[in-house]
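Visitor: Take a look at final_27.cif, mmCIF, C-alpha atoms and all ligand atoms; chains and numbers go by the auth columns:
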```cif
data_upload
loop_
_atom_site.group_PDB
_atom_site.id
_atom_site.type_symbol
_atom_site.label_atom_id
_atom_site.label_comp_id
_atom_site.label_asym_id
_atom_site.label_seq_id
_atom_site.Cartn_x
_atom_site.Cartn_y
_atom_site.Cartn_z
_atom_site.B_iso_or_equiv
_atom_site.auth_seq_id
_atom_site.auth_asym_id
ATOM 1 C CA MET A 1 31.192 -18.777 31.202 0.00 1 T
ATOM 2 C CA ALA A 2 27.655 -17.757 32.055 0.00 2 T
ATOM 3 C CA SER A 3 25.557 -20.043 34.244 0.00 3 T
ATOM 4 C CA GLY A 4 24.414 -23.158 32.414 0.00 4 T
ATOM 5 C CA GLU A 5 26.994 -22.649 29.698 0.00 5 T
ATOM 6 C CA LEU A 6 29.072 -25.634 28.579 0.00 6 T
ATOM 7 C CA SER A 7 31.263 -26.558 25.630 0.00 7 T
ATOM 8 C CA ARG A 8 29.769 -28.017 22.454 0.00 8 T
ATOM 9 C CA GLU A 9 31.793 -31.202 23.072 0.00 9 T
ATOM 10 C CA LYS A 10 30.605 -31.633 26.681 0.00 10 T
ATOM 11 C CA ALA A 11 27.025 -31.022 25.575 0.00 11 T
ATOM 12 C CA LEU A 12 27.271 -33.830 23.024 0.00 12 T
ATOM 13 C CA GLU A 13 28.448 -36.229 25.768 0.00 13 T
ATOM 14 C CA CYS A 14 25.192 -35.749 27.662 0.00 14 T
ATOM 15 C CA VAL A 15 23.211 -38.989 27.602 0.00 15 T
ATOM 16 C CA GLY A 16 19.503 -38.456 27.065 0.00 16 T
ATOM 17 C CA CYS A 17 19.819 -34.726 26.334 0.00 17 T
ATOM 18 C CA ARG A 18 17.822 -33.162 23.526 0.00 18 T
ATOM 19 C CA HIS A 19 19.580 -30.580 21.380 0.00 19 T
ATOM 20 C CA ALA A 20 18.254 -27.425 19.747 0.00 20 T
ATOM 21 C CA CYS A 21 20.351 -25.280 17.388 0.00 21 T
ATOM 22 C CA HIS A 22 19.497 -21.707 16.430 0.00 22 T
ATOM 23 C CA ILE A 23 21.377 -18.994 14.579 0.00 23 T
ATOM 24 C CA MET A 24 21.584 -15.218 14.429 0.00 24 T
ATOM 25 C CA LEU A 25 22.101 -14.001 10.860 0.00 25 T
ATOM 26 C CA TYR A 26 23.289 -10.398 10.665 0.00 26 T
ATOM 27 C CA ALA A 27 24.894 -7.849 8.385 0.00 27 T
ATOM 28 C CA ASP A 28 26.254 -4.322 8.434 0.00 28 T
ATOM 29 C CA THR A 29 24.233 -1.639 6.706 0.00 29 T
ATOM 30 C CA LYS A 30 24.749 2.000 5.797 0.00 30 T
ATOM 31 C CA ASP A 31 20.994 2.471 5.538 0.00 31 T
ATOM 32 C CA LYS A 32 19.239 5.065 7.663 0.00 32 T
ATOM 33 C CA LEU A 33 15.784 5.231 9.214 0.00 33 T
ATOM 34 C CA PHE A 34 13.923 8.396 8.089 0.00 34 T
ATOM 35 C CA LYS A 35 17.116 9.262 6.166 0.00 35 T
ATOM 36 C CA LYS A 36 18.520 10.256 9.548 0.00 36 T
ATOM 37 C CA ILE A 37 18.993 7.507 12.121 0.00 37 T
ATOM 38 C CA PRO A 38 21.743 4.983 11.308 0.00 38 T
ATOM 39 C CA ILE A 39 20.340 1.432 11.302 0.00 39 T
ATOM 40 C CA ARG A 40 23.946 0.154 11.588 0.00 40 T
ATOM 41 C CA HIS A 41 23.227 -3.582 11.456 0.00 41 T
ATOM 42 C CA VAL A 42 20.493 -5.863 10.195 0.00 42 T
ATOM 43 C CA VAL A 43 19.788 -8.640 12.737 0.00 43 T
ATOM 44 C CA LEU A 44 17.227 -11.344 11.912 0.00 44 T
ATOM 45 C CA MET A 45 14.799 -13.035 14.269 0.00 45 T
ATOM 46 C CA GLN A 46 11.445 -14.642 13.576 0.00 46 T
ATOM 47 C CA MET A 47 7.879 -14.522 14.798 0.00 47 T
ATOM 48 C CA ARG A 48 7.100 -18.121 15.694 0.00 48 T
ATOM 49 C CA PHE A 49 3.809 -19.988 15.336 0.00 49 T
ATOM 50 C CA ASP A 50 3.284 -19.637 19.096 0.00 50 T
ATOM 51 C CA GLY A 51 3.496 -15.831 19.014 0.00 51 T
ATOM 52 C CA LEU A 52 6.942 -15.749 20.592 0.00 52 T
ATOM 53 C CA LEU A 53 10.063 -14.271 19.044 0.00 53 T
ATOM 54 C CA GLY A 54 13.067 -16.532 18.491 0.00 54 T
ATOM 55 C CA PHE A 55 15.897 -17.345 16.141 0.00 55 T
ATOM 56 C CA PRO A 56 15.599 -19.618 13.107 0.00 56 T
ATOM 57 C CA GLY A 57 16.663 -23.200 13.810 0.00 57 T
ATOM 58 C CA GLY A 58 15.268 -26.174 15.667 0.00 58 T
ATOM 59 C CA LEU A 59 15.684 -29.595 17.220 0.00 59 T
ATOM 60 C CA VAL A 60 18.578 -31.758 16.080 0.00 60 T
ATOM 61 C CA ASP A 61 19.160 -35.435 16.844 0.00 61 T
ATOM 62 C CA PRO A 62 22.972 -35.818 16.905 0.00 62 T
ATOM 63 C CA SER A 63 22.670 -39.581 16.342 0.00 63 T
ATOM 64 C CA VAL A 64 21.218 -38.798 12.907 0.00 64 T
ATOM 65 C CA GLU A 65 23.126 -35.687 11.786 0.00 65 T
ATOM 66 C CA THR A 66 25.732 -33.289 13.176 0.00 66 T
ATOM 67 C CA LEU A 67 24.473 -30.210 15.009 0.00 67 T
ATOM 68 C CA GLU A 68 25.547 -28.048 12.090 0.00 68 T
ATOM 69 C CA GLU A 69 23.924 -30.324 9.473 0.00 69 T
ATOM 70 C CA GLY A 70 20.725 -30.274 11.507 0.00 70 T
ATOM 71 C CA LEU A 71 20.785 -26.502 11.798 0.00 71 T
ATOM 72 C CA SER A 72 21.347 -26.205 8.041 0.00 72 T
ATOM 73 C CA ARG A 73 18.334 -28.474 7.486 0.00 73 T
ATOM 74 C CA GLU A 74 16.166 -26.363 9.800 0.00 74 T
ATOM 75 C CA LEU A 75 17.260 -23.220 7.955 0.00 75 T
ATOM 76 C CA TRP A 76 16.193 -24.797 4.684 0.00 76 T
ATOM 77 C CA GLU A 77 12.771 -25.619 6.192 0.00 77 T
ATOM 78 C CA GLU A 78 12.241 -22.282 7.940 0.00 78 T
ATOM 79 C CA LEU A 79 14.030 -19.864 5.593 0.00 79 T
ATOM 80 C CA GLY A 80 13.979 -21.664 2.236 0.00 80 T
ATOM 81 C CA PHE A 81 17.614 -20.691 2.064 0.00 81 T
ATOM 82 C CA SER A 82 20.572 -23.010 1.669 0.00 82 T
ATOM 83 C CA LEU A 83 23.230 -22.086 4.198 0.00 83 T
ATOM 84 C CA SER A 84 25.949 -24.481 5.228 0.00 84 T
ATOM 85 C CA VAL A 85 26.526 -23.846 8.935 0.00 85 T
ATOM 86 C CA SER A 86 30.051 -24.654 10.151 0.00 86 T
ATOM 87 C CA LEU A 87 31.792 -25.176 13.488 0.00 87 T
ATOM 88 C CA GLU A 88 33.216 -21.671 13.229 0.00 88 T
ATOM 89 C CA ASP A 89 29.703 -20.239 13.480 0.00 89 T
ATOM 90 C CA HIS A 90 29.205 -21.788 16.954 0.00 90 T
ATOM 91 C CA VAL A 91 28.919 -19.219 19.761 0.00 91 T
ATOM 92 C CA THR A 92 27.631 -20.926 22.931 0.00 92 T
ATOM 93 C CA SER A 93 25.949 -24.058 24.226 0.00 93 T
ATOM 94 C CA CYS A 94 23.717 -23.875 27.272 0.00 94 T
ATOM 95 C CA HIS A 95 21.847 -26.226 29.601 0.00 95 T
ATOM 96 C CA THR A 96 18.211 -25.197 29.867 0.00 96 T
ATOM 97 C CA PRO A 97 17.109 -25.655 33.466 0.00 97 T
ATOM 98 C CA SER A 98 13.738 -27.204 34.348 0.00 98 T
ATOM 99 C CA SER A 99 13.129 -28.955 31.045 0.00 99 T
ATOM 100 C CA LEU A 100 12.670 -32.731 30.899 0.00 100 T
ATOM 101 C CA PRO A 101 14.244 -34.392 29.099 0.00 101 T
ATOM 102 C CA GLN A 102 17.109 -31.960 29.511 0.00 102 T
ATOM 103 C CA LEU A 103 17.412 -29.563 26.558 0.00 103 T
ATOM 104 C CA VAL A 104 20.727 -28.090 25.433 0.00 104 T
ATOM 105 C CA THR A 105 20.462 -24.974 23.275 0.00 105 T
ATOM 106 C CA HIS A 106 23.313 -24.381 20.839 0.00 106 T
ATOM 107 C CA PHE A 107 23.657 -20.867 19.508 0.00 107 T
ATOM 108 C CA TYR A 108 25.356 -19.888 16.273 0.00 108 T
ATOM 109 C CA ALA A 109 25.912 -16.601 14.470 0.00 109 T
ATOM 110 C CA ARG A 110 26.864 -15.780 10.893 0.00 110 T
ATOM 111 C CA LYS A 111 27.758 -12.431 9.451 0.00 111 T
ATOM 112 C CA MET A 112 26.473 -11.968 5.901 0.00 112 T
ATOM 113 C CA GLU A 113 26.301 -9.257 3.273 0.00 113 T
ATOM 114 C CA GLU A 114 23.225 -7.036 3.446 0.00 114 T
ATOM 115 C CA ARG A 115 22.313 -8.319 -0.027 0.00 115 T
ATOM 116 C CA GLU A 116 22.344 -11.922 1.263 0.00 116 T
ATOM 117 C CA ILE A 117 20.128 -11.000 4.221 0.00 117 T
ATOM 118 C CA ARG A 118 17.601 -9.587 1.741 0.00 118 T
ATOM 119 C CA GLU A 119 17.739 -12.901 -0.160 0.00 119 T
ATOM 120 C CA VAL A 120 17.050 -14.784 3.075 0.00 120 T
ATOM 121 C CA GLU A 121 14.083 -12.536 3.824 0.00 121 T
ATOM 122 C CA ARG A 122 12.708 -12.982 0.316 0.00 122 T
ATOM 123 C CA ALA A 123 13.069 -16.782 0.419 0.00 123 T
ATOM 124 C CA ALA A 124 11.599 -16.984 3.937 0.00 124 T
ATOM 125 C CA ALA A 125 8.459 -15.179 2.792 0.00 125 T
ATOM 126 C CA THR A 126 8.048 -17.063 -0.483 0.00 126 T
ATOM 127 C CA THR A 127 9.615 -20.505 -0.896 0.00 127 T
ATOM 128 C CA ALA A 128 10.185 -21.661 2.715 0.00 128 T
ATOM 129 C CA THR A 129 7.990 -24.698 3.441 0.00 129 T
ATOM 130 C CA ASP A 130 7.447 -23.576 7.054 0.00 130 T
ATOM 131 C CA HIS A 131 6.245 -20.085 6.114 0.00 131 T
ATOM 132 C CA GLY A 132 2.802 -19.492 7.596 0.00 132 T
ATOM 133 C CA HIS A 133 3.103 -22.699 9.621 0.00 133 T
ATOM 134 C CA GLU A 134 6.017 -22.902 12.093 0.00 134 T
ATOM 135 C CA VAL A 135 7.203 -19.438 11.097 0.00 135 T
ATOM 136 C CA MET A 136 4.915 -16.415 10.779 0.00 136 T
ATOM 137 C CA GLY A 137 7.650 -14.190 9.357 0.00 137 T
ATOM 138 C CA MET A 138 11.152 -12.862 9.774 0.00 138 T
ATOM 139 C CA VAL A 139 11.697 -9.639 11.708 0.00 139 T
ATOM 140 C CA ARG A 140 14.622 -7.236 11.931 0.00 140 T
ATOM 141 C CA VAL A 141 15.766 -6.132 15.368 0.00 141 T
ATOM 142 C CA PRO A 142 15.909 -2.322 15.765 0.00 142 T
ATOM 143 C CA LEU A 143 19.221 -1.488 17.446 0.00 143 T
ATOM 144 C CA TYR A 144 18.730 2.243 18.059 0.00 144 T
ATOM 145 C CA THR A 145 16.737 3.798 20.872 0.00 145 T
ATOM 146 C CA LEU A 146 14.585 6.735 19.777 0.00 146 T
ATOM 147 C CA LYS A 147 13.953 9.765 21.971 0.00 147 T
ATOM 148 C CA GLY A 148 10.436 8.571 22.808 0.00 148 T
ATOM 149 C CA GLY A 149 11.874 5.194 23.864 0.00 149 T
ATOM 150 C CA GLY A 150 11.052 3.193 20.728 0.00 150 T
ATOM 151 C CA GLY A 151 13.566 0.836 19.155 0.00 151 T
ATOM 152 C CA LEU A 152 15.640 -1.821 20.912 0.00 152 T
ATOM 153 C CA SER A 153 14.011 -1.200 24.291 0.00 153 T
ATOM 154 C CA TYR A 154 10.478 -1.880 23.018 0.00 154 T
ATOM 155 C CA PHE A 155 11.698 -4.815 20.950 0.00 155 T
ATOM 156 C CA LEU A 156 13.210 -6.416 24.069 0.00 156 T
ATOM 157 C CA SER A 157 9.937 -5.998 25.947 0.00 157 T
ATOM 158 C CA HIS A 158 8.182 -8.518 23.684 0.00 158 T
ATOM 159 C CA SER A 159 7.949 -12.184 24.718 0.00 159 T
ATOM 160 C CA PHE A 160 10.733 -14.548 23.623 0.00 160 T
ATOM 161 C CA ILE A 161 11.032 -18.350 23.398 0.00 161 T
ATOM 162 C CA GLY A 162 13.428 -20.076 25.823 0.00 162 T
ATOM 163 C CA ASN A 163 16.581 -18.077 26.406 0.00 163 T
ATOM 164 C CA SER A 164 16.565 -16.473 22.954 0.00 164 T
ATOM 165 C CA ARG A 165 16.313 -13.009 24.464 0.00 165 T
ATOM 166 C CA GLY A 166 19.481 -13.701 26.448 0.00 166 T
ATOM 167 C CA GLN A 167 21.157 -15.061 23.319 0.00 167 T
ATOM 168 C CA LEU A 168 20.234 -11.861 21.474 0.00 168 T
ATOM 169 C CA GLU A 169 21.492 -9.546 24.222 0.00 169 T
ATOM 170 C CA ASP A 170 24.749 -11.482 24.554 0.00 170 T
ATOM 171 C CA ALA A 171 25.362 -11.573 20.791 0.00 171 T
ATOM 172 C CA LEU A 172 24.627 -7.880 20.262 0.00 172 T
ATOM 173 C CA VAL A 173 27.393 -6.949 22.696 0.00 173 T
ATOM 174 C CA ARG A 174 29.712 -9.857 21.802 0.00 174 T
ATOM 175 C CA PHE A 175 29.780 -8.888 18.114 0.00 175 T
ATOM 176 C CA GLY A 176 29.904 -5.163 18.808 0.00 176 T
ATOM 177 C CA LEU A 177 26.499 -4.429 17.284 0.00 177 T
ATOM 178 C CA VAL A 178 25.559 -2.303 20.295 0.00 178 T
ATOM 179 C CA THR A 179 27.726 -1.165 23.201 0.00 179 T
ATOM 180 C CA PRO A 180 27.123 -2.569 26.705 0.00 180 T
ATOM 181 C CA GLU A 181 25.982 0.941 27.706 0.00 181 T
ATOM 182 C CA GLU A 182 23.442 1.077 24.875 0.00 182 T
ATOM 183 C CA LEU A 183 22.087 -2.335 25.864 0.00 183 T
ATOM 184 C CA ARG A 184 21.874 -1.343 29.525 0.00 184 T
ATOM 185 C CA ALA A 185 20.037 1.869 28.622 0.00 185 T
ATOM 186 C CA ALA A 186 17.594 -0.033 26.405 0.00 186 T
ATOM 187 C CA LEU A 187 16.927 -2.583 29.162 0.00 187 T
ATOM 188 C CA THR A 188 16.385 0.138 31.756 0.00 188 T
ATOM 189 C CA HIS A 189 13.958 1.899 29.439 0.00 189 T
ATOM 190 C CA ALA A 190 12.140 -1.346 28.616 0.00 190 T
ATOM 191 C CA GLY A 191 11.772 -2.049 32.330 0.00 191 T
ATOM 192 C CA GLN A 192 10.402 1.408 33.103 0.00 192 T
ATOM 193 C CA LYS A 193 7.964 1.785 30.249 0.00 193 T
ATOM 194 C CA ARG A 194 6.689 -1.639 29.388 0.00 194 T
ATOM 195 C CA ARG A 195 6.687 -3.965 32.374 0.00 195 T
HETATM 196 P P1 LIG B . 9.558 -28.722 15.099 0.00 1 C
HETATM 197 O O1 LIG B . 10.064 -28.934 13.714 0.00 1 C
HETATM 198 O O2 LIG B . 8.107 -28.414 15.191 0.00 1 C
HETATM 199 O O3 LIG B . 9.994 -29.775 16.034 0.00 1 C
HETATM 200 O O4 LIG B . 10.240 -27.358 15.652 0.00 1 C
HETATM 201 P P2 LIG B . 11.776 -27.006 15.582 0.00 1 C
HETATM 202 O O5 LIG B . 12.563 -28.245 15.338 0.00 1 C
HETATM 203 O O6 LIG B . 11.938 -25.877 14.622 0.00 1 C
HETATM 204 O O7 LIG B . 12.094 -26.531 17.075 0.00 1 C
HETATM 205 P P3 LIG B . 12.111 -25.074 17.710 0.00 1 C
HETATM 206 O O8 LIG B . 12.761 -24.087 16.806 0.00 1 C
HETATM 207 O O9 LIG B . 10.770 -24.755 18.224 0.00 1 C
HETATM 208 O O10 LIG B . 13.140 -25.283 18.923 0.00 1 C
HETATM 209 C C1 LIG B . 13.005 -26.366 19.833 0.00 1 C
HETATM 210 C C2 LIG B . 13.005 -25.849 21.252 0.00 1 C
HETATM 211 O O11 LIG B . 14.144 -25.014 21.450 0.00 1 C
HETATM 212 C C3 LIG B . 11.803 -24.947 21.549 0.00 1 C
HETATM 213 O O12 LIG B . 10.740 -25.673 22.064 0.00 1 C
HETATM 214 C C4 LIG B . 12.350 -23.992 22.574 0.00 1 C
HETATM 215 O O13 LIG B . 12.306 -24.541 23.855 0.00 1 C
HETATM 216 C C5 LIG B . 13.782 -23.845 22.156 0.00 1 C
HETATM 217 N N1 LIG B . 13.985 -22.685 21.260 0.00 1 C
HETATM 218 C C6 LIG B . 13.307 -22.333 20.151 0.00 1 C
HETATM 219 N N2 LIG B . 13.826 -21.236 19.571 0.00 1 C
HETATM 220 C C7 LIG B . 14.863 -20.882 20.339 0.00 1 C
HETATM 221 C C8 LIG B . 15.807 -19.839 20.271 0.00 1 C
HETATM 222 O O14 LIG B . 15.827 -18.970 19.398 0.00 1 C
HETATM 223 N N3 LIG B . 16.733 -19.829 21.240 0.00 1 C
HETATM 224 C C9 LIG B . 16.737 -20.755 22.225 0.00 1 C
HETATM 225 N N4 LIG B . 17.670 -20.672 23.157 0.00 1 C
HETATM 226 N N5 LIG B . 15.878 -21.739 22.335 0.00 1 C
HETATM 227 C C10 LIG B . 14.952 -21.810 21.405 0.00 1 C
HETATM 228 MN MN MN B . 11.754 -26.041 12.446 0.00 2 C
HETATM 229 MN MN MN B . 12.385 -23.755 14.727 0.00 3 C
HETATM 230 MN MN MN B . 12.309 -29.480 13.460 0.00 4 C
HETATM 231 MN MN MN B . 9.328 -28.765 11.690 0.00 5 C
HETATM 232 MN MN MN B . 28.919 -1.428 14.913 0.00 6 C
#
```
Rewrite the coordinates I just gave you, this time as structure tokens.

Guide:
Amino acid sequence: MASGELSREKALECVGCRHACHIMLYADTKDKLFKKIPIRHVVLMQMRFDGLLGFPGGLVDPSVETLEEGLSRELWEELGFSLSVSLEDHVTSCHTPSSLPQLVTHFYARKMEEREIREVERAAATTATDHGHEVMGMVRVPLYTLKGGGGLSYFLSHSFIGNSRGQLEDALVRFGLVTPEELRAALTHAGQKRR
């Protein structure tokens, strides 16, 4: 387990902890950029109201609803899309250091069909109540790295909320969306060119 990581069950035992649940929705695609570069996977994040990138989801009070019910509710608010999140979608739970009261971030992932991802994007931009308020728009994560350096490396050099950048990097490798070598190369490039 990575530092700060704990089980979902242990996290729920924490007295006085706040809980936040977010999810990575993704799909395979055969689509190509410029009819040439395989896009491989569609991975959704969002531009938040505060200008930071993050995953859809939000705060859940486990005394009122389960973590998964709360995440489903947040997805309805932020995406205008009804998605019933289940225990099987849970990936990791993590203590967030230096936040008071202590915040635990629960991370979920769900593989969808490309067609369903398009539905989510359409709903998020049209019927979602939070569109233009908490959420400025959904964005797709470029997974390739172009010769000039564009792609995943530049995407990772943006600013992210909390540990969402770490959640993204972990999930990309965990679910085989990029190889560890590709991620390392993108991070090296991001470090050289943008920071
Ligand atoms: P309100 O409805 O305004 O309360 O917002 P929300 O419930 O949608 O909460 P939000 O999504 O902002 O998440 C709550 C807290 O979790 C944030 O203040 C961040 O500290 C953290 N957070 C937000 N997005 C992410 C994310 O994608 N990953 C992680 N790890 N933490 C996040
Ligand atoms: Mn919200
Ligand atoms: Mn949110
Ligand atoms: Mn909320
Ligand atoms: Mn809200
Ligand atoms: Mn793949």

Visitor: Could you list, as a count of residues only, every residue within 6 Å of range 93-105 of chain T, counting all atoms listed in the file and ignoring same-chain residues fewer than 6 positions away?

Guide: 9

Visitor: Do you know which residues are at most 9 Å from Ala171 in chain T counting all atoms listed in the file, after dropping those on the same chain fewer than 4 positions away, and could you put them as a ChimeraX atom specification?

Guide: /T:24,91,109,166-167,175-177

Visitor: For the structure shown, which residues end up in the PyMOL selection byres (((chain T and resi 144) around 9) and not hetatm)? Put them as a ChimeraX atom specification, please?

Guide: /T:37-40,142-143,145-146,150-153,178,182,186

Visitor: Pick from T:Thr127, T:Ser72, T:Thr188, T:Thr179: nearest to ligand MN 3 (chain C), with only C-alpha atoms and all ligand atoms counted?

Guide: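 Once distances to ligand MN 3 (chain C) are computed over only C-alpha atoms and all ligand atoms, the minimum belongs to T:Ser72.
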
Visitor: Grab the CA of Ser3 in chain T to CA of Asn163 in chain T distance for me, in Å with one decimal place.

Guide: 12.1 Å

Visitor: Find the residue from T:Asp31, T:Glu78, T:Glu116, T:Glu13 that sits nearest to Gly137 in chain T; use only C-alpha atoms when measuring.

Guide: T:Glu78

Visitor: Name all residues at most 7 Å from Phe49 in chain T (count all atoms listed in the file; drop same-chain ones fewer than 4 positions away) and give them as a PyMOL selection string.

Guide: chain T and resi 133-136

Visitor: Keeping only C-alpha atoms, write the selected residues to a file as a PDB file, in the coordinates of the input.

Guide:
```
ATOM      1  CA  HIS T 133       3.103 -22.699   9.621  1.00  0.00           C
ATOM      2  CA  GLU T 134       6.017 -22.902  12.093  1.00  0.00           C
ATOM      3  CA  VAL T 135       7.203 -19.438  11.097  1.00  0.00           C
ATOM      4  CA  MET T 136       4.915 -16.415  10.779  1.00  0.00           C
TER       5      MET T 136
END
```

Visitor: Starting from the shown file, work through the PyMOL selection byres (((chain T and resi 117) around 12) and not hetatm) and note down what comes out as JSON, numbers by chain.

Guide: {"T": [24, 25, 26, 27, 28, 29, 41, 42, 43, 44, 45, 79, 81, 83, 110, 111, 112, 113, 114, 115, 116, 118, 119, 120, 121, 122, 123, 124, 138, 139, 140]}

Visitor: In terms of the shortest atom-to-atom distance over all atoms listed in the file, which of T:Ser164, T:His22, T:Phe55, T:Asp170 is closest to Leu71 in chain T?

Guide: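 For Leu71 in chain T, the nearest of the candidates is T:His22.
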
Visitor: To check your reading of the model: which residues sit at most 9 Å from ligand MN 4 (chain C) when counting all atoms listed in the file? Write the answer as a PyMOL selection string.

Guide: chain T and resi 20+57-60+70+73-74+77

Visitor: Quick one, how far is CA of Ile161 in chain T from CA of Lys147 in chain T?

Guide: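 Between CA of Ile161 in chain T and CA of Lys147 in chain T the gap works out to 28.3 Å.
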
Visitor: If you measure from CA of Val141 in chain T to CA of Thr66 in chain T, what distance in Å do you get, rounded to one decimal?

Guide: 29.0 Å

Visitor: Give the padded box for range 57-70 of chain T as JSON: axis-aligned, covering all atoms listed in the file, 4 Å on each side, centre and edge lengths in Å to one decimal.

Guide:
```
{"center_x": 20.5, "center_y": -31.4, "center_z": 13.3, "size_x": 18.5, "size_y": 24.4, "size_z": 15.7}
```

Visitor: Using only C-alpha atoms and all ligand atoms, can you tell me which of T:Tyr108, T:Lys35, T:Pro180, T:Thr129 comes closest to ligand MN 6 (chain C)?

Guide: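 Of the candidates, the smallest distance to ligand MN 6 (chain C) is held by T:Pro180.
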
Visitor: Taking only C-alpha atoms and all ligand atoms into account, name the residue in T:Glu88, T:Lys30, T:Phe107, T:Ser157 that is nearest to ligand MN 6 (chain C).

Guide: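 That would be T:Lys30, the residue with the smallest distance to ligand MN 6 (chain C).
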
Visitor: Using all atoms listed in the file, which of the listed residues (T:Ile23, T:Ala11, T:Leu53, T:Leu172) sits closest to ligand MN 6 (chain C)?

Guide: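 Smallest separation from ligand MN 6 (chain C) among the options: T:Leu172.
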
Visitor: I need the output of the PyMOL selection byres (((chain T and resi 158) around 10) and not hetatm) for this file as a list of chain:residue names; which residues are they?

Guide: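 Taken on the displayed file, the PyMOL selection byres (((chain T and resi 158) around 10) and not hetatm) yields the residues T:Gly51, T:Leu52, T:Leu53, T:Ser153, T:Tyr154, T:Phe155, T:Leu156, T:Ser157, T:Ser159, T:Phe160, T:Arg165, T:Ala190, T:Arg194, T:Arg195.
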